[in-house]
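Data first, discussion second: the structure below is written as structure tokens.
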Amino acid sequence: MLNDPEILDGLSSQIVGRRRELELLVAALGTNRHVLFEGPPGTGKSTILRTLAARADSGLVFVEGNAELTPARLAGQFDPSRVMAEGYAPHVFVDGPLVEALRTGSLLYVEELNRVPEETINLLITVMSEGELTLPRLGRIQAAEGFRFVAAMNPFDNIGTTRVSSAIYDRMSRISLEYQSFEEEQEIVCRRAEPFKAREPTDASEILLRRAVAVSRATRRHPDLRIGSSVRGAIDLVELAVGLATIRTAEIDDPAIGLDAALVAVSGRIRLHEGTDRSPEEVVTELWELIVSSEGSTSAADDPGKAPAPQGAATALR
């Protein structure tokens, strides 16, 4: 059962933080609600749902939302070659992810809902309201016990996206996911980055970890950036820095090693505001140097990503 308290406890042991959001999700799904996750990339939307499905022993049908997701690809369609030989018989229908989830009582998870064409999204309105889907020549498909629709989207990305209609919002329970705390993001990097999983922490690795998370978080507040890096940037930065240090026979907390790793791991994840004359590399270099120079200051003790910038520099770390 999705609303079993033991499932929630198991989720909390596997997901860093997010206790409140996990409670909301379990409560919503346990009371037969459909759920919309809204939040920027890297806030754990997919991880949370995959972990929940595994803990609850529930099926999970995953769909990547994009402009190519037509109604036929989502629901399914008759096999054209078999239709020619056997006609429109139910057994020649090839189930799409939506019909598969309905028949098996699984969770249907659609990522990037606001990238899906409106005509495809409209298939889900009756499914959410009535728990059934009617397809031409196939007939009515009743949702099996356990079926829920869960979608996720990044409301801050306006490139290649469409507006989700009020009819969809009206049929879903919305859970907002924000970035986690500095300490929680450090814990995520420790769990995900291979070098940290494979060895005991050292002073040098702790410094690298702190800098990596700090620069990733600082990009989210930089005035020249429209979109900052998720915690995935910090994970890649740590792994790249360890690899570079091995190649160059240097220490992993060498600032030059960390800067090169940051340029590779973070610069491609950020998006500049229109009209700025700066490059992603300039912004990442500025932030890295500010973080390194502010180490040891009182203002940077709790979260280096909030350390004050030197006079004349950008105010990203405020």
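To be explicit about the labels: the chains of the structure tokens are called A, B, and onward in the order shown, and within each one the residues are counted from 1, while ligands get numbers from 1 in the order they are shown.
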### Query
Residues at most 8 Å from Leu102 of chain A, counting only C-alpha atoms, excluding those fewer than 5 positions away in the same chain, as a list of chain:residue names?
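The residues satisfying every condition are A:Glu132, A:Ile141, A:Gln142, A:Ala143, A:Ala144, A:Phe147.
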### Those in segment 113-224 of chain A with alpha helix (DSSP H) from DSSP, as a VMD selection string
chain A and resid 118 to 121 123 to 130 166 to 169 182 to 192 194 to 198 203 to 218
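We find atom CA of Gln77 of chain A and atom CA of Glu145 of chain A to be spaced 23.4 Å apart.
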### Query
Using only C-alpha atoms, which residues sit within 10 Å of Glu100 of chain A once same-chain residues fewer than 5 positions away are excluded, as a PyMOL selection string?
chain A and resi 60-61+74-76+94-95+105-108+143
At a cut-off of 9 Å, can you tabulate as CSV every residue of segment 122-234 of chain A near segment 251-269 of chain A together with its closest atom pair and the distance in Å to one decimal, using only C-alpha atoms and ordering rows by chain then number?
```
residue,atom,partner,partner_atom,distance
A:Asp203,CA,A:Asp253,CA,8.7
A:Ala204,CA,A:Asp253,CA,5.2
A:Ser205,CA,A:Asp253,CA,6.8
A:Glu206,CA,A:Asp253,CA,8.6
A:Ile207,CA,A:Asp253,CA,6.2
A:Leu208,CA,A:Asp253,CA,5.3
A:Arg211,CA,A:Gly258,CA,8.2
A:Ala212,CA,A:Ala262,CA,7.6
A:Val215,CA,A:Ala262,CA,8.1
A:Ser216,CA,A:Val266,CA,7.1
A:Thr219,CA,A:Val266,CA,8.8
A:Ile227,CA,A:Arg269,CA,8.0
A:Gly228,CA,A:Arg269,CA,6.9
A:Ser229,CA,A:Arg269,CA,5.3
A:Ser230,CA,A:Arg269,CA,7.8
A:Arg232,CA,A:Ala265,CA,8.6
A:Gly233,CA,A:Val266,CA,5.2
A:Ala234,CA,A:Ala265,CA,7.5
```
### Message
I'd like the contact shell of Tyr109 of chain A - 7 Å cut-off, only C-alpha atoms, skipping same-chain residues fewer than 6 positions apart - returned as a VMD selection string.
### Response
chain A and resid 61 to 63 149 to 151
File dump, residues just selected, N, CA, C and O atoms, as a PDB file, in the first residue's frame:
```pdb
ATOM      1  N   VAL A  61       5.806   3.003 -14.866  1.00  0.00           N
ATOM      2  CA  VAL A  61       5.965   3.156 -16.315  1.00  0.00           C
ATOM      3  C   VAL A  61       6.489   4.561 -16.570  1.00  0.00           C
ATOM      4  O   VAL A  61       5.818   5.547 -16.260  1.00  0.00           O
ATOM      5  N   PHE A  62       7.684   4.639 -17.113  1.00  0.00           N
ATOM      6  CA  PHE A  62       8.378   5.913 -17.287  1.00  0.00           C
ATOM      7  C   PHE A  62       8.216   6.423 -18.712  1.00  0.00           C
ATOM      8  O   PHE A  62       8.377   5.673 -19.675  1.00  0.00           O
ATOM      9  N   VAL A  63       7.884   7.721 -18.835  1.00  0.00           N
ATOM     10  CA  VAL A  63       7.735   8.347 -20.145  1.00  0.00           C
ATOM     11  C   VAL A  63       8.537   9.640 -20.150  1.00  0.00           C
ATOM     12  O   VAL A  63       8.375  10.482 -19.262  1.00  0.00           O
ATOM     13  N   PHE A 149      -1.311   8.782 -11.916  1.00  0.00           N
ATOM     14  CA  PHE A 149      -0.535   9.568 -12.872  1.00  0.00           C
ATOM     15  C   PHE A 149       0.302  10.580 -12.109  1.00  0.00           C
ATOM     16  O   PHE A 149      -0.220  11.341 -11.293  1.00  0.00           O
ATOM     17  N   VAL A 150       1.602  10.557 -12.356  1.00  0.00           N
ATOM     18  CA  VAL A 150       2.522  11.509 -11.737  1.00  0.00           C
ATOM     19  C   VAL A 150       3.311  12.178 -12.854  1.00  0.00           C
ATOM     20  O   VAL A 150       3.832  11.509 -13.751  1.00  0.00           O
ATOM     21  N   ALA A 151       3.375  13.492 -12.812  1.00  0.00           N
ATOM     22  CA  ALA A 151       4.123  14.244 -13.818  1.00  0.00           C
ATOM     23  C   ALA A 151       5.116  15.158 -13.133  1.00  0.00           C
ATOM     24  O   ALA A 151       4.958  15.514 -11.956  1.00  0.00           O
TER      25      ALA A 151
END
```
Show me a table, sorted first by chain and then by increasing residue number, of the residues of segment 96-187 of chain A having an atom at most 8 Å from segment 30-47 of chain A, each with its shortest atom pair and the distance in Å to one decimal, counting only C-alpha atoms and written as CSV.
```
residue,atom,partner,partner_atom,distance
A:Met128,CA,A:His34,CA,7.2
A:Arg148,CA,A:His34,CA,5.7
A:Phe149,CA,A:His34,CA,5.1
A:Val150,CA,A:Val35,CA,4.8
A:Ala151,CA,A:Leu36,CA,4.8
A:Ala152,CA,A:Phe37,CA,4.5
A:Met153,CA,A:Glu38,CA,5.3
A:Asn154,CA,A:Pro40,CA,5.0
A:Pro155,CA,A:Glu38,CA,6.5
A:Phe156,CA,A:Pro40,CA,6.8
A:Arg171,CA,A:His34,CA,7.2
A:Met172,CA,A:His34,CA,5.0
A:Ser173,CA,A:Val35,CA,4.7
A:Arg174,CA,A:Leu36,CA,4.7
A:Ile175,CA,A:Phe37,CA,5.0
A:Ser176,CA,A:Glu38,CA,4.9
A:Leu177,CA,A:Gly39,CA,4.8
A:Glu178,CA,A:Gly39,CA,5.9
A:Tyr179,CA,A:Thr43,CA,5.8
A:Gln180,CA,A:Thr43,CA,7.4
```
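Atom pair atom CA of Asp224 of chain A / atom CA of Glu187 of chain A: separated by 28.2 Å.
If only C-alpha atoms are the atoms counted, then among A:Leu138, A:Leu69, A:Val242, A:Ile121 the closest residue to Pro90 of chain A is A:Leu138.
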#### Entry: atom CA of Val238 of chain A to atom CA of Leu209 of chain A, distance in Å rounded to a single decimal
6.7 Å
### Within 12 Å of Ala89 of chain A using only C-alpha atoms, minus same-chain residues under 5 positions, as an NGL selection string
:A and (77-80 or 82-84 or 94 or 136-139)
### Task
Please report, as a ChimeraX atom specification, each residue of segment 38-255 of chain A to which DSSP assigns strand (DSSP E) when run on this structure's backbone.
/A:38,60-64,76-78,93-95,107-111,132-135,139-142,148-153,173-176,225-227
#### Entry: Nearest candidate to Phe196 of chain A (options A:Leu113, A:Ala241, A:Arg163, A:Arg217; using only C-alpha atoms)
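Closest to Phe196 of chain A of all the choices is A:Ala241.
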